[in-house]
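One structure is given below, encoded as structure tokens.
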Amino acid sequence: MSDASEEPLVAARFTVTAEAFPGLLSRVLEPFAKRDLVPDTVRASREGGMMRAEVALSAMPLGMVHLVAGNLGQIVGVRRVEAMEGRVVRLAA
């Protein structure tokens, strides 16, 4: 098993499409907060009865990308989650 300190950090972007409701944005940010991750960019727009939220991080542990995407997909009203990981930024210290 690899040491967590050796896990690569990657740039990542998550796009969530969900039914628009007042608590959606706080629920989208929760998976990041509970892992002590601070997004670099958060954008949201309403498109009729749907909302599109995009959260981007310049560096997050590679192993957390699929965990966060899974949590986002479990939010009530979420229709689609896209998770894109980019280049390796560096090894975690």
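If you're wondering about the labels, chains in the structure tokens are A, B, ... by order shown, residues count from 1 in each chain, ligands from 1 in order shown.
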List the neighbours of A:Asp40 out to 8 Å using only C-alpha atoms; skip same-chain residues closer than 3 positions along the sequence, and give me the result as a PDB file with C-alpha atoms, in the first residue's frame.
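Dumped to selection_21.pdb:
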ATOM      1  CA  VAL A  55     -16.116  23.465  -8.821  1.00  0.00           C
ATOM      2  CA  ALA A  56     -12.415  23.550  -9.718  1.00  0.00           C
ATOM      3  CA  LEU A  57      -9.298  22.861  -7.665  1.00  0.00           C
ATOM      4  CA  SER A  58      -5.762  23.465  -8.843  1.00  0.00           C
TER       5      SER A  58
END
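With only C-alpha atoms taken into account, the protein and nucleic acid residues at most 7 Å from A:Arg80 (excluding it and anything under 3 positions from it in its own chain) are Val16, Thr17 and Ala18 of chain A.
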Residue set, chain A restricted to strand (DSSP E or B), as an MDAnalysis selection string: chainID A and resid 8:19 41:47 50:61 78:91
Next, the residues of the selection above should be written as a compact mmCIF listing (two decimals), in the first residue's frame with C-alpha atoms.
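Everything below was put into selection.txt:
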# COMPACT_ATOMS: atom_id res chain seq x y z
CA PRO A 8 0.02 12.76 -6.54
CA LEU A 9 -1.93 16.00 -6.50
CA VAL A 10 -3.91 16.72 -9.65
CA ALA A 11 -5.90 19.62 -11.02
CA ALA A 12 -9.60 18.68 -11.00
CA ARG A 13 -12.92 20.09 -12.12
CA PHE A 14 -16.38 18.83 -11.20
CA THR A 15 -19.53 19.81 -13.06
CA VAL A 16 -22.89 19.04 -11.46
CA THR A 17 -26.24 19.35 -13.21
CA ALA A 18 -29.18 19.17 -10.83
CA GLU A 19 -32.70 20.34 -10.14
CA THR A 41 -13.24 28.41 -8.37
CA VAL A 42 -16.97 27.89 -7.85
CA ARG A 43 -19.45 28.89 -10.56
CA ALA A 44 -23.16 28.28 -10.70
CA SER A 45 -25.92 29.22 -13.11
CA ARG A 46 -29.59 28.48 -13.26
CA GLU A 47 -31.01 27.22 -16.53
CA MET A 50 -32.05 23.11 -13.53
CA MET A 51 -28.81 24.42 -12.08
CA ARG A 52 -25.27 23.82 -13.27
CA ALA A 53 -22.48 24.13 -10.70
CA GLU A 54 -18.78 23.89 -11.49
CA VAL A 55 -16.12 23.47 -8.82
CA ALA A 56 -12.41 23.55 -9.72
CA LEU A 57 -9.30 22.86 -7.67
CA SER A 58 -5.76 23.47 -8.84
CA ALA A 59 -4.47 20.62 -6.64
CA MET A 60 -6.23 17.76 -4.87
CA PRO A 61 -5.15 14.21 -4.02
CA VAL A 78 -28.52 15.59 -9.09
CA ARG A 79 -28.94 14.42 -12.67
CA ARG A 80 -25.33 14.32 -13.83
CA VAL A 81 -21.80 14.62 -12.45
CA GLU A 82 -18.70 15.07 -14.58
CA ALA A 83 -15.28 14.79 -12.97
CA MET A 84 -12.21 15.75 -14.94
CA GLU A 85 -8.71 15.38 -13.60
CA GLY A 86 -5.83 17.16 -15.19
CA ARG A 87 -2.12 16.98 -15.04
CA VAL A 88 -0.22 15.89 -11.95
CA VAL A 89 0.73 19.05 -10.11
CA ARG A 90 3.15 17.50 -7.62
CA LEU A 91 3.47 14.79 -5.03
Between atom CA of A:Glu6 and atom CA of A:Gly73, measure the distance and give it in Å to one decimal.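 So the two atoms, atom CA of A:Glu6 and atom CA of A:Gly73, lie 27.7 Å apart.
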In Å, rounded to a single decimal, give me how far atom CA of A:Gly63 is from atom CA of A:Ala33. 15.9 Å
Work out how far atom CA of A:Arg27 is from atom CA of A:Leu67, in Å to one decimal. 14.9 Å
Counting only C-alpha atoms, the option among A:Met64, A:Ala69, A:Leu37, A:Gly49 closest to A:Phe21: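 Smallest separation from A:Phe21 among the options: A:Gly49.
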